[in-house]
Amino acid sequence: MKKLQIKKHALTAISYMLPLVVASGLLIAIGNLTGGTVIENYKESFSIPSALVSLGVLGMGLLAPVISSAIAYSIADRPGIAPGLLMGLIANAIGAGFLGGMLGGFIVGFFVLFLKNHLKVPKWAEGLMPMMIIPLISSVVIGLLMFFVLGVPIVWATDGLTSFLTNMQGSMKFVFGAILGGMAAFDFGGPVNKVASLFADGLLLEGIYEPEAVKILASMVPPFGVTISWILAKALRKKRYTKKEEDNIKIAFPMGVCMITEGVIPIAAVDLLRVVTSCTLGAAVGGGLSMMWNVGSPVPSGGMFIVPAMTHPLLFTLALFIGSTVTGVMLFLWKKEPVENQDFSMDEEEDEMDLSGIKIS
């Protein structure tokens with residue numbers, strides 16, 4: 001139960017965080033593509049593109065406070081918001097990043113919940129509990145804990161992870177990209193995908209852009225791969241999908257262009273093992289290649305529309321094509337010929353005729 005609750009609070013935080021990350025990332029991409037740079041001195045004149053880039057960077061700086069406050073809010077309701085924001089700001093200040101923000105949010109959230117359930121005050125002070133007493137006590141206690149106790153190992157862990165990812169070479173990079181890509185594609189936007197997304201978004205704040213590109217690629221491989229398998233089936237006159245599944249593929253493909261993986265779910269539901277395995281392996285291959293080729297994305301979402309903002313857009317496109325082709329060929333070779341239920345409407349008519357002939361006495 002505890003694990004489920006922790007997962008629930010983390011997913012709630014991710015849902016609050018994603019709009020901020022996407023909006024900020026797109027602002028940075030638009031600003032960069034139009035020649036903008038981060039504004040160093042706001043007292044001097046600056047351009048609109050530079051304003052967009054700077055606004056996006058400011059938004060990305062809010063990631064740790066937002067995720068920390070969202071976790072605390074999910075655990076303890078409104079009294080957790082202010083302390084959660086402060087823990088996120090501490091995480092930013094000491095260099096603990098999104099890991100520090102998450103840990104601070106959980107600790108202060110559960111501490112606030114403890115105070116709500118166990119702290120007793122005189123009747124005249126009860127109205128001050130949610131707006132002053134609980135936020136103040138929790139901010140002082142957990143804030144000092146973050147500054148002097150918890151912050152140091154979190155900073156070490158963040159720095160170690162950043163250094164490890166930055167120094168990875170060759171096969172290590174491919175393996176890391178393959179694992180991240182497989183996770184991002186495994187459940188088509190579900191909890192495993194969210195974990196991979198959160199990890200990539202957090203590293204984006206540390207200046208590591210490659211996992212972000214893997215995440216984007218892996219989100220598009222399933223719809224593109226399924227579409228390739230359908231095209232192969234049509235070209236080679238092999239039956240692999242029912243008419244309803246083909247209609248779903250025609251919807252899933254444009255959704256995939258926009259990095260929306262969920263369009264594959266109706267197709268996967270019919271043949272779960274083959275579709276999930278093929279999509280996961282294809283995304284793993286594409287993600288490994290993208291990571292090995294040092295493809296980076298400063299933008300966390302947007303699908304094919306933000307490819308020009310990546311560090312190596314052509315290599316990204318090639319990795320995406322290879323990963324999607326792996327998925328497509330696997331599905332084409334592995335899937336069995338479906339049986340169309342052509343007699344359904346006729347049987348349904350007969351049932352209706354039989355029912356109409358029943359006399360109610």
# chains A, B, ... in the order shown; residues from 1 in each chain; ligands from 1

call {"tool": "residues_around", "arguments": {"residues": "range 181-183 of chain A", "least_positions_apart": "3", "cutoff": "6 Å", "atoms": "only C-alpha atoms", "output": "mmCIF file with all heavy atoms, in the first residue's frame"}}
result
data_model
loop_
_atom_site.group_PDB
_atom_site.id
_atom_site.type_symbol
_atom_site.label_atom_id
_atom_site.label_comp_id
_atom_site.auth_asym_id
_atom_site.auth_seq_id
_atom_site.Cartn_x
_atom_site.Cartn_y
_atom_site.Cartn_z
ATOM 1 N N GLY A 177 20.949 4.109 -23.581
ATOM 2 C CA GLY A 177 19.887 4.587 -24.465
ATOM 3 C C GLY A 177 18.860 3.514 -24.759
ATOM 4 O O GLY A 177 17.658 3.787 -24.849
ATOM 5 N N ALA A 178 19.321 2.258 -24.881
ATOM 6 C CA ALA A 178 18.402 1.152 -25.149
ATOM 7 C C ALA A 178 17.474 0.911 -23.969
ATOM 8 O O ALA A 178 16.265 0.694 -24.136
ATOM 9 C CB ALA A 178 19.196 -0.119 -25.465
ATOM 10 N N PHE A 186 7.509 1.007 -23.413
ATOM 11 C CA PHE A 186 6.966 -0.251 -22.906
ATOM 12 C C PHE A 186 5.453 -0.238 -22.698
ATOM 13 O O PHE A 186 4.747 -1.152 -23.114
ATOM 14 C CB PHE A 186 7.666 -0.620 -21.596
ATOM 15 C CG PHE A 186 7.104 -1.841 -20.933
ATOM 16 C CD1 PHE A 186 7.343 -3.103 -21.461
ATOM 17 C CD2 PHE A 186 6.335 -1.736 -19.783
ATOM 18 C CE1 PHE A 186 6.819 -4.240 -20.850
ATOM 19 C CE2 PHE A 186 5.807 -2.857 -19.172
ATOM 20 C CZ PHE A 186 6.053 -4.108 -19.706
ATOM 21 N N VAL A 192 5.513 3.293 -16.427
ATOM 22 C CA VAL A 192 6.927 3.064 -16.776
ATOM 23 C C VAL A 192 7.427 4.173 -17.695
ATOM 24 O O VAL A 192 8.536 4.690 -17.537
ATOM 25 C CB VAL A 192 7.105 1.683 -17.441
ATOM 26 C CG1 VAL A 192 8.561 1.465 -17.853
ATOM 27 C CG2 VAL A 192 6.660 0.574 -16.491
ATOM 28 N N ASN A 193 6.607 4.556 -18.654
ATOM 29 C CA ASN A 193 6.941 5.676 -19.541
ATOM 30 C C ASN A 193 7.136 6.960 -18.746
ATOM 31 O O ASN A 193 8.065 7.740 -19.008
ATOM 32 C CB ASN A 193 5.833 5.856 -20.579
ATOM 33 C CG ASN A 193 5.961 7.145 -21.368
ATOM 34 O OD1 ASN A 193 5.527 8.198 -20.912
ATOM 35 N ND2 ASN A 193 6.544 7.063 -22.545
ATOM 36 N N VAL A 214 16.147 10.546 -26.663
ATOM 37 C CA VAL A 214 15.755 9.134 -26.600
ATOM 38 C C VAL A 214 14.284 9.013 -26.223
ATOM 39 O O VAL A 214 13.536 8.217 -26.805
ATOM 40 C CB VAL A 214 16.635 8.374 -25.584
ATOM 41 C CG1 VAL A 214 16.112 6.948 -25.391
ATOM 42 C CG2 VAL A 214 18.083 8.342 -26.053
ATOM 43 N N ALA A 218 11.530 7.268 -28.581
ATOM 44 C CA ALA A 218 10.830 6.066 -28.117
ATOM 45 C C ALA A 218 9.320 6.259 -28.066
ATOM 46 O O ALA A 218 8.565 5.282 -28.194
ATOM 47 C CB ALA A 218 11.345 5.666 -26.734
ATOM 48 N N THR A 280 8.852 -2.309 -27.811
ATOM 49 C CA THR A 280 9.908 -2.102 -26.821
ATOM 50 C C THR A 280 11.288 -2.340 -27.428
ATOM 51 O O THR A 280 12.222 -1.549 -27.216
ATOM 52 C CB THR A 280 9.699 -3.042 -25.615
ATOM 53 O OG1 THR A 280 8.409 -2.792 -25.042
ATOM 54 C CG2 THR A 280 10.764 -2.819 -24.561
ATOM 55 N N ALA A 283 12.141 0.473 -29.975
ATOM 56 C CA ALA A 283 12.499 1.711 -29.273
ATOM 57 C C ALA A 283 13.860 1.581 -28.598
ATOM 58 O O ALA A 283 14.613 2.554 -28.513
ATOM 59 C CB ALA A 283 11.428 2.056 -28.243
ATOM 60 N N ALA A 284 14.183 0.375 -28.121
ATOM 61 C CA ALA A 284 15.490 0.154 -27.502
ATOM 62 C C ALA A 284 16.614 0.317 -28.531
ATOM 63 O O ALA A 284 17.634 0.961 -28.257
ATOM 64 C CB ALA A 284 15.543 -1.237 -26.872
ATOM 65 N N GLY A 287 16.688 4.048 -29.487
ATOM 66 C CA GLY A 287 17.206 4.836 -28.373
ATOM 67 C C GLY A 287 18.692 4.631 -28.175
ATOM 68 O O GLY A 287 19.430 5.586 -27.889
#

call {"tool": "closest_residue", "arguments": {"among": "A:Ala64, A:Val264, A:Leu333, A:Val295", "to": "Leu198 in chain A", "atoms": "only C-alpha atoms"}}
result
A:Ala64

call {"tool": "residues_around", "arguments": {"residues": "range 229-244 of chain A", "least_positions_apart": "3", "cutoff": "9 Å", "atoms": "only C-alpha atoms", "output": "PyMOL selection string"}}
result
chain A and resi 224-226+247-249+267+325+327-333+335-341

call {"tool": "residues_around", "arguments": {"residues": "Ser54 in chain A", "least_positions_apart": "3", "cutoff": "7 Å", "atoms": "only C-alpha atoms", "output": "list in words"}}
result
Val38, Ile39, Ser50, Ala51, Val57 and Leu58 of chain A

call {"tool": "closest_residue", "arguments": {"among": "A:Pro254, A:Pro223, A:Gly80, A:Gly263", "to": "Gly323 in chain A", "atoms": "only C-alpha atoms"}}
result
A:Pro223

call {"tool": "closest_residue", "arguments": {"among": "A:Val270, A:Leu205, A:Ile14, A:Val275", "to": "Thr227 in chain A", "atoms": "only C-alpha atoms"}}
result
A:Val275

call {"tool": "closest_residue", "arguments": {"among": "A:Gly31, A:Leu52, A:Ser297, A:Ser74", "to": "Leu11 in chain A", "atoms": "only C-alpha atoms"}}
result
A:Ser74

call {"tool": "residues_around", "arguments": {"residues": "range 299-315 of chain A", "least_positions_apart": "6", "cutoff": "9 Å", "atoms": "only C-alpha atoms", "output": "ChimeraX atom specification"}}
result
/A:21-30,32-33,197,200-201,204,209,212-213,215-217,219-220,256-260,289-290,293

call {"tool": "residues_around", "arguments": {"residues": "Leu63 in chain A", "least_positions_apart": "3", "cutoff": "7 Å", "atoms": "only C-alpha atoms", "output": "short mmCIF file (atom, residue, chain, number, x, y, z; two decimals) with N, CA and C atoms, in the first residue's frame"}}
result
data_model
loop_
_atom_site.label_atom_id
_atom_site.label_comp_id
_atom_site.auth_asym_id
_atom_site.auth_seq_id
_atom_site.Cartn_x
_atom_site.Cartn_y
_atom_site.Cartn_z
N MET A 17 3.76 18.72 -13.49
CA MET A 17 5.03 19.23 -14.00
C MET A 17 5.09 19.28 -15.52
N MET A 60 12.11 26.31 -16.83
CA MET A 60 12.81 25.08 -16.49
C MET A 60 13.38 25.14 -15.08
N VAL A 66 8.22 22.97 -8.49
CA VAL A 66 6.89 22.50 -8.88
C VAL A 66 6.70 21.04 -8.52
N ILE A 67 7.69 20.21 -8.81
CA ILE A 67 7.53 18.78 -8.51
C ILE A 67 7.51 18.54 -7.01
N PHE A 98 16.38 17.90 -9.61
CA PHE A 98 15.04 17.33 -9.50
C PHE A 98 14.99 16.18 -8.48
#

call {"tool": "residues_around", "arguments": {"residues": "Ser138 in chain A", "least_positions_apart": "6", "cutoff": "9 Å", "atoms": "only C-alpha atoms", "output": "ChimeraX atom specification"}}
result
/A:80,83,108-109,111-112,115

call {"tool": "select_by_dssp", "arguments": {"residues": "range 30-82 of chain A", "states": "helix (DSSP H, G or I)", "output": "NGL selection string"}}
result
:A and (30-33 or 48-60 or 63-76 or 78-82)

call {"tool": "closest_residue", "arguments": {"among": "A:Trp124, A:Phe321, A:Trp156, A:Phe46", "to": "Val221 in chain A", "atoms": "only C-alpha atoms"}}
result
A:Phe321
